[in-house]
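Novice: Quick one, protein.cif (mmCIF, C-alpha atoms):
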```
data_entry
loop_
_atom_site.group_PDB
_atom_site.id
_atom_site.type_symbol
_atom_site.label_atom_id
_atom_site.label_comp_id
_atom_site.auth_asym_id
_atom_site.auth_seq_id
_atom_site.Cartn_x
_atom_site.Cartn_y
_atom_site.Cartn_z
ATOM 1 C CA MET P 1 26.309 -14.670 19.637
ATOM 2 C CA SER P 2 24.899 -13.737 23.065
ATOM 3 C CA ARG P 3 22.351 -15.884 24.863
ATOM 4 C CA ALA P 4 19.659 -13.262 24.223
ATOM 5 C CA GLU P 5 20.439 -13.267 20.508
ATOM 6 C CA ALA P 6 20.345 -17.076 20.471
ATOM 7 C CA ASP P 7 16.939 -17.048 22.215
ATOM 8 C CA ASP P 8 15.593 -14.562 19.663
ATOM 9 C CA ARG P 9 16.728 -16.786 16.792
ATOM 10 C CA ARG P 10 15.160 -19.921 18.285
ATOM 11 C CA ILE P 11 11.625 -18.835 17.328
ATOM 12 C CA LEU P 12 10.854 -17.048 14.063
ATOM 13 C CA VAL P 13 7.500 -15.440 13.240
ATOM 14 C CA VAL P 14 7.085 -14.483 9.587
ATOM 15 C CA GLY P 15 4.364 -12.592 7.746
ATOM 16 C CA ILE P 16 4.547 -13.289 4.016
ATOM 17 C CA GLY P 17 2.817 -11.062 1.503
ATOM 18 C CA ASN P 18 2.561 -7.848 -0.470
ATOM 19 C CA PRO P 19 0.550 -5.038 1.183
ATOM 20 C CA ASP P 20 -0.398 -3.700 -2.269
ATOM 21 C CA ARG P 21 -1.941 -6.938 -3.528
ATOM 22 C CA ALA P 22 -5.391 -7.231 -1.939
ATOM 23 C CA ASP P 23 -5.635 -10.216 0.435
ATOM 24 C CA ASP P 24 -1.918 -10.911 0.030
ATOM 25 C CA ALA P 25 -1.523 -8.200 2.691
ATOM 26 C CA ILE P 26 -2.789 -10.533 5.423
ATOM 27 C CA GLY P 27 0.670 -11.768 6.485
ATOM 28 C CA PRO P 28 2.134 -8.311 7.211
ATOM 29 C CA ALA P 29 -1.163 -7.150 8.769
ATOM 30 C CA VAL P 30 -1.297 -10.067 11.207
ATOM 31 C CA LEU P 31 2.353 -9.613 12.102
ATOM 32 C CA GLY P 32 1.650 -5.998 13.014
ATOM 33 C CA LEU P 33 -0.988 -7.054 15.540
ATOM 34 C CA VAL P 34 1.284 -9.779 16.931
ATOM 35 C CA ALA P 35 4.070 -7.214 17.367
ATOM 36 C CA GLU P 36 1.645 -5.022 19.317
ATOM 37 C CA GLN P 37 0.846 -7.893 21.670
ATOM 38 C CA LEU P 38 4.521 -8.679 22.177
ATOM 39 C CA ALA P 39 5.181 -5.036 23.039
ATOM 40 C CA LEU P 40 2.287 -4.889 25.506
ATOM 41 C CA ARG P 41 3.428 -7.996 27.322
ATOM 42 C CA ALA P 42 7.037 -6.881 27.357
ATOM 43 C CA LEU P 43 5.855 -3.741 29.153
ATOM 44 C CA GLY P 44 4.018 -5.864 31.707
ATOM 45 C CA ALA P 45 0.536 -5.269 30.319
ATOM 46 C CA ARG P 46 -2.034 -7.980 30.806
ATOM 47 C CA ALA P 47 -4.344 -9.155 28.042
ATOM 48 C CA ARG P 48 -7.524 -10.561 29.517
ATOM 49 C CA PRO P 49 -9.318 -13.590 28.058
ATOM 50 C CA ALA P 50 -12.913 -13.102 26.916
ATOM 51 C CA GLY P 51 -15.169 -13.379 29.985
ATOM 52 C CA GLY P 52 -12.337 -13.516 32.513
ATOM 53 C CA SER P 53 -9.633 -11.534 34.239
ATOM 54 C CA ALA P 54 -6.781 -14.048 34.523
ATOM 55 C CA PRO P 55 -3.410 -12.749 33.313
ATOM 56 C CA ARG P 56 -2.068 -14.109 30.059
ATOM 57 C CA ALA P 57 1.026 -16.278 29.840
ATOM 58 C CA PRO P 58 4.261 -14.476 28.949
ATOM 59 C CA LEU P 59 5.460 -14.848 25.391
ATOM 60 C CA PRO P 60 8.940 -16.179 24.587
ATOM 61 C CA PRO P 61 11.637 -14.149 22.814
ATOM 62 C CA CYS P 62 11.196 -14.336 19.050
ATOM 63 C CA ARG P 63 12.204 -12.627 15.842
ATOM 64 C CA LEU P 64 9.527 -10.982 13.653
ATOM 65 C CA VAL P 65 10.127 -10.714 9.903
ATOM 66 C CA VAL P 66 7.949 -9.496 7.007
ATOM 67 C CA LEU P 67 8.833 -11.011 3.617
ATOM 68 C CA PRO P 68 7.245 -10.157 0.233
ATOM 69 C CA ASP P 69 8.736 -13.281 -1.366
ATOM 70 C CA PRO P 70 8.412 -16.722 0.268
ATOM 71 C CA MET P 71 11.729 -17.867 -1.212
ATOM 72 C CA ARG P 72 13.503 -15.400 1.078
ATOM 73 C CA LEU P 73 12.234 -17.526 3.945
ATOM 74 C CA VAL P 74 14.947 -20.118 3.238
ATOM 75 C CA ASP P 75 17.740 -17.910 4.625
ATOM 76 C CA GLU P 76 15.650 -16.709 7.574
ATOM 77 C CA LEU P 77 14.983 -20.273 8.741
ATOM 78 C CA ASP P 78 18.639 -21.064 9.292
ATOM 79 C CA GLY P 79 19.257 -21.784 12.964
ATOM 80 C CA CYS P 80 15.678 -21.559 14.257
ATOM 81 C CA GLU P 81 13.799 -24.375 16.024
ATOM 82 C CA LEU P 82 10.216 -23.155 15.568
ATOM 83 C CA ALA P 83 8.898 -21.079 12.661
ATOM 84 C CA ILE P 84 5.381 -19.638 12.603
ATOM 85 C CA VAL P 85 4.472 -18.420 9.125
ATOM 86 C CA VAL P 86 1.384 -16.314 8.322
ATOM 87 C CA ASP P 87 0.278 -16.233 4.694
ATOM 88 C CA ALA P 88 -2.761 -15.997 2.464
ATOM 89 C CA VAL P 89 -3.831 -19.313 0.956
ATOM 90 C CA VAL P 90 -5.947 -20.168 -2.061
ATOM 91 C CA ALA P 91 -8.762 -22.674 -1.615
ATOM 92 C CA ALA P 92 -10.590 -24.259 -4.541
ATOM 93 C CA GLY P 93 -12.798 -27.223 -5.315
ATOM 94 C CA PRO P 94 -15.622 -28.946 -3.406
ATOM 95 C CA GLY P 95 -15.539 -28.399 0.333
ATOM 96 C CA ALA P 96 -13.112 -25.478 0.120
ATOM 97 C CA GLN P 97 -13.072 -23.084 3.055
ATOM 98 C CA GLN P 98 -14.722 -19.695 2.651
ATOM 99 C CA PRO P 99 -12.613 -16.501 2.325
ATOM 100 C CA GLY P 100 -11.431 -15.358 5.726
ATOM 101 C CA ALA P 101 -11.218 -18.858 7.191
ATOM 102 C CA VAL P 102 -8.092 -19.368 9.310
ATOM 103 C CA LEU P 103 -6.278 -22.666 8.796
ATOM 104 C CA LEU P 104 -3.404 -24.189 10.763
ATOM 105 C CA LEU P 105 -0.976 -26.458 8.909
ATOM 106 C CA GLY P 106 2.173 -28.070 10.238
ATOM 107 C CA THR P 107 5.426 -29.475 8.913
ATOM 108 C CA GLY P 108 9.071 -29.602 9.963
ATOM 109 C CA GLN P 109 12.171 -31.717 9.947
ATOM 110 C CA GLY P 110 11.127 -35.369 9.783
ATOM 111 C CA GLN P 111 7.491 -34.446 9.040
ATOM 112 C CA PRO P 112 5.500 -34.610 5.764
ATOM 113 C CA ALA P 113 5.660 -31.657 3.383
ATOM 114 C CA LEU P 114 2.883 -29.083 3.211
ATOM 115 C CA PRO P 115 0.213 -29.768 0.599
ATOM 116 C CA VAL P 116 0.683 -27.705 -2.565
ATOM 117 C CA ALA P 117 -1.925 -24.982 -3.025
ATOM 118 C CA PRO P 118 -4.772 -26.222 -5.248
ATOM 119 C CA ASP P 119 -4.468 -23.255 -7.619
ATOM 120 C CA PRO P 120 -1.006 -23.375 -9.246
ATOM 121 C CA THR P 121 -1.916 -20.374 -11.454
ATOM 122 C CA ALA P 122 -2.282 -18.088 -8.436
ATOM 123 C CA GLY P 123 1.413 -17.208 -8.402
ATOM 124 C CA GLY P 124 3.573 -15.819 -5.638
ATOM 125 C CA THR P 125 2.968 -17.311 -2.224
ATOM 126 C CA HIS P 126 -0.214 -18.976 -3.396
ATOM 127 C CA GLY P 127 0.979 -21.443 -5.997
ATOM 128 C CA LEU P 128 4.128 -23.385 -5.255
ATOM 129 C CA GLY P 129 5.812 -20.553 -3.318
ATOM 130 C CA LEU P 130 5.619 -21.385 0.384
ATOM 131 C CA PRO P 131 5.667 -25.215 0.103
ATOM 132 C CA ALA P 132 8.568 -25.006 -2.354
ATOM 133 C CA ALA P 133 10.493 -22.628 -0.084
ATOM 134 C CA LEU P 134 10.088 -24.964 2.870
ATOM 135 C CA GLU P 135 11.184 -27.997 0.862
ATOM 136 C CA LEU P 136 14.232 -26.107 -0.398
ATOM 137 C CA ALA P 137 15.055 -25.310 3.242
ATOM 138 C CA ARG P 138 14.717 -29.011 4.012
ATOM 139 C CA ALA P 139 17.084 -29.929 1.183
ATOM 140 C CA LEU P 140 19.638 -27.375 2.416
ATOM 141 C CA GLY P 141 19.443 -28.602 6.004
ATOM 142 C CA ARG P 142 17.704 -25.445 7.239
ATOM 143 C CA MET P 143 14.258 -26.865 7.991
ATOM 144 C CA PRO P 144 13.308 -26.232 11.642
ATOM 145 C CA ASP P 145 12.068 -29.069 13.800
ATOM 146 C CA ARG P 146 8.632 -27.446 13.745
ATOM 147 C CA VAL P 147 6.900 -25.148 11.265
ATOM 148 C CA ALA P 148 3.359 -23.896 11.866
ATOM 149 C CA VAL P 149 1.611 -22.172 8.961
ATOM 150 C CA VAL P 150 -1.312 -19.915 9.870
ATOM 151 C CA GLY P 151 -3.122 -19.561 6.551
ATOM 152 C CA VAL P 152 -6.005 -17.202 5.829
ATOM 153 C CA VAL P 153 -8.141 -18.136 2.835
ATOM 154 C CA ALA P 154 -7.967 -15.308 0.297
ATOM 155 C CA GLN P 155 -10.798 -13.978 -1.829
ATOM 156 C CA GLN P 156 -8.818 -11.797 -4.229
ATOM 157 C CA LEU P 157 -5.154 -11.192 -4.997
ATOM 158 C CA ALA P 158 -5.365 -8.517 -7.693
ATOM 159 C CA PRO P 159 -2.572 -5.901 -7.642
ATOM 160 C CA GLY P 160 -3.770 -2.564 -6.308
ATOM 161 C CA ALA P 161 -7.049 -3.938 -4.945
ATOM 162 C CA PRO P 162 -7.979 -3.453 -1.261
ATOM 163 C CA MET P 163 -8.105 -6.315 1.194
ATOM 164 C CA SER P 164 -11.505 -8.031 1.143
ATOM 165 C CA ALA P 165 -13.818 -7.503 4.124
ATOM 166 C CA GLN P 166 -13.807 -11.213 5.038
ATOM 167 C CA VAL P 167 -10.028 -11.413 5.143
ATOM 168 C CA ARG P 168 -9.673 -8.119 7.020
ATOM 169 C CA ALA P 169 -12.086 -9.430 9.656
ATOM 170 C CA ALA P 170 -9.860 -12.494 10.109
ATOM 171 C CA ILE P 171 -6.795 -10.476 11.191
ATOM 172 C CA PRO P 172 -7.526 -10.681 14.984
ATOM 173 C CA THR P 173 -8.331 -14.402 14.765
ATOM 174 C CA ALA P 174 -5.118 -15.180 12.888
ATOM 175 C CA ALA P 175 -3.106 -13.023 15.302
ATOM 176 C CA MET P 176 -4.616 -14.879 18.254
ATOM 177 C CA GLN P 177 -3.599 -18.146 16.626
ATOM 178 C CA VAL P 178 0.002 -16.930 16.474
ATOM 179 C CA VAL P 179 -0.078 -15.572 20.039
ATOM 180 C CA GLY P 180 -1.553 -18.863 21.221
ATOM 181 C CA LEU P 181 1.238 -20.839 19.588
ATOM 182 C CA LEU P 182 3.849 -18.587 21.203
ATOM 183 C CA ALA P 183 2.213 -18.782 24.623
ATOM 184 C CA THR P 184 1.940 -22.564 24.447
ATOM 185 C CA GLU P 185 5.635 -22.701 23.536
ATOM 186 C CA ALA P 186 6.489 -20.520 26.542
ATOM 187 C CA ALA P 187 4.397 -22.680 28.852
ATOM 188 C CA ALA P 188 5.984 -25.875 27.549
ATOM 189 C CA ASP P 189 9.464 -24.429 28.145
ATOM 190 C CA ALA P 190 8.536 -23.557 31.743
ATOM 191 C CA LEU P 191 6.896 -26.862 32.703
ATOM 192 C CA HIS P 192 8.327 -29.008 35.480
ATOM 193 C CA PRO P 193 7.099 -32.336 36.870
ATOM 194 C CA GLY P 194 3.840 -31.797 38.746
ATOM 195 C CA ASP P 195 3.062 -28.478 37.069
ATOM 196 C CA PRO P 196 -0.469 -27.821 35.745
ATOM 197 C CA PRO P 197 -1.151 -28.228 31.996
ATOM 198 C CA PRO P 198 0.171 -25.548 29.617
ATOM 199 C CA TRP P 199 -1.797 -22.351 29.065
ATOM 200 C CA LEU P 200 -4.167 -22.609 26.113
ATOM 201 C CA PRO P 201 -5.337 -19.829 23.748
ATOM 202 C CA HIS P 202 -8.604 -18.220 24.793
ATOM 203 C CA PRO P 203 -11.720 -18.527 22.579
ATOM 204 C CA VAL P 204 -12.034 -16.346 19.498
ATOM 205 C CA GLY P 205 -12.632 -12.754 20.510
ATOM 206 C CA THR P 206 -10.792 -9.458 20.709
ATOM 207 C CA LEU P 207 -7.185 -9.023 21.744
ATOM 208 C CA ASP P 208 -7.753 -6.718 24.705
ATOM 209 C CA PRO P 209 -4.777 -5.230 26.550
#
```
Just give me the structure as structure tokens.
Specialist:
Amino acid sequence: MSRAEADDRRILVVGIGNPDRADDAIGPAVLGLVAEQLALRALGARARPAGGSAPRAPLPPCRLVVLPDPMRLVDELDGCELAIVVDAVVAAGPGAQQPGAVLLLGTGQGQPALPVAPDPTAGGTHGLGLPAALELARALGRMPDRVAVVGVVAQQLAPGAPMSAQVRAAIPTAAMQVVGLLATEAAADALHPGDPPPWLPHPVGTLDP
């Protein structure tokens, strides 16, 4: 394996979901916007923060994968150090987040497991799917050191239904969360003693080239 191929495998960005199942399409949709940002920066384009003109930090090499089934994540995790997973999540009960809310959860080798989704009847990625896939990866020795889950609270998951307006509106916010995680990783890799603090994601806004 070449050094470039090894660098690409070090960071994995995954969008989980079915584009034909309402809000389950959020993972692939967010990954599409992230891919656009990666392409722009690879071409030397600059994305400007809201209210400023400073150039954005470069993003590290990574591998983008869309998966309809979270259990397929187990094989993809093999050999990576950081996995960023985008998926729809089900929220229920008192204090639950509203549809379209973007949540950030973390796990990894030596860290506690993700909480199981509160609606085990939801099926697919929204019951035991993603947490179970990650714990299987742990049992097989494939769990990365770090796993960040960018979850978007779903409103509906009915087959054939369109994505809800609240979840569709969350696509740029979720994509910025992913881009921010990648940029922070790049800044951390480049830090040397005496360097300024790592670049931080800009406030919620549009992803302007």
Novice: Suppose you want the space between CA of Leu103 (chain P) and CA of Val89 (chain P); what is it in Å?
Specialist: 8.9 Å
Novice: Considering all atoms listed in the file, can you say which of P:Pro159, P:Pro70, P:Gly151, P:Pro61 comes closest to Pro99 (chain P)?
Specialist: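 Of the candidates, the smallest distance to Pro99 (chain P) is held by P:Gly151.
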Novice: Quick check on the file I pasted: which residues fall under the PyMOL selection byres ((chain P and resi 162) around 6)? Write them as a compact mmCIF listing (two decimals) with C-alpha atoms, in the frame of the given file.
Specialist:
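Result saved to expr-v3.txt:
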```
# COMPACT_ATOMS: atom_id res chain seq x y z
CA ALA P 22 -5.39 -7.23 -1.94
CA ALA P 161 -7.05 -3.94 -4.94
CA MET P 163 -8.10 -6.32 1.19
```
Novice: Residues near Ala174 (chain P), anyone? I mean within 12 Å using all atoms listed in the file, not counting same-chain ones fewer than 3 positions away, as a ChimeraX atom specification.
Specialist: /P:15,26-34,84-88,100-104,149-153,167-171,177-181,201,204-207
Novice: Report, in Å to a single decimal, how far apart CA of Val90 (chain P) and CA of Leu105 (chain P) are.
Specialist: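 Computed distance, CA of Leu105 (chain P) to CA of Val90 (chain P), equals 13.6 Å.
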Novice: Residues within 7 Å of Asp24 (chain P), please, as a list in words. Count all atoms listed in the file; anything in the same chain fewer than 6 positions from it doesn't count.
Specialist: Gly17, Asn18, Ala88 and Leu157 of chain P
Novice: Enter the distance from CA of Leu77 (chain P) to CA of Ala137 (chain P), in Å, rounded to one decimal.
Specialist: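 Computing the Euclidean distance for CA of Leu77 (chain P) and CA of Ala137 (chain P) yields 7.5 Å.
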Novice: Any chance you could resolve the PyMOL selection byres ((chain P and resi 112) around 12) against this file and give the residues as an NGL selection string?
Specialist: :P and (105-111 or 113-116 or 131 or 134-135 or 138 or 143 or 145-147)
Novice: Nearest to Gln155 (chain P): which of P:Ile16, P:Leu140, P:Ala183, P:Ala25 is it, counting only C-alpha atoms?
Specialist: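 Nearest candidate to Gln155 (chain P) out of P:Ile16, P:Leu140, P:Ala183, P:Ala25: P:Ala25.
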Novice: Between P:Arg63, P:Arg142, P:Arg21, P:Arg41, which has the minimum distance to Gly79 (chain P) (counting only C-alpha atoms)?
Specialist: P:Arg142
Novice: Of the residues P:Pro68, P:Asp20, P:Met176, P:Val74, which is the one nearest to Ala139 (chain P), using only C-alpha atoms?
Specialist: P:Val74
Novice: Check the smallest atom-to-atom distance from each of P:Pro144, P:Ala154, P:Ala186, P:Val13 to Val65 (chain P) using all atoms listed in the file, then report the winner.
Specialist: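 Nearest candidate to Val65 (chain P) out of P:Pro144, P:Ala154, P:Ala186, P:Val13: P:Val13.
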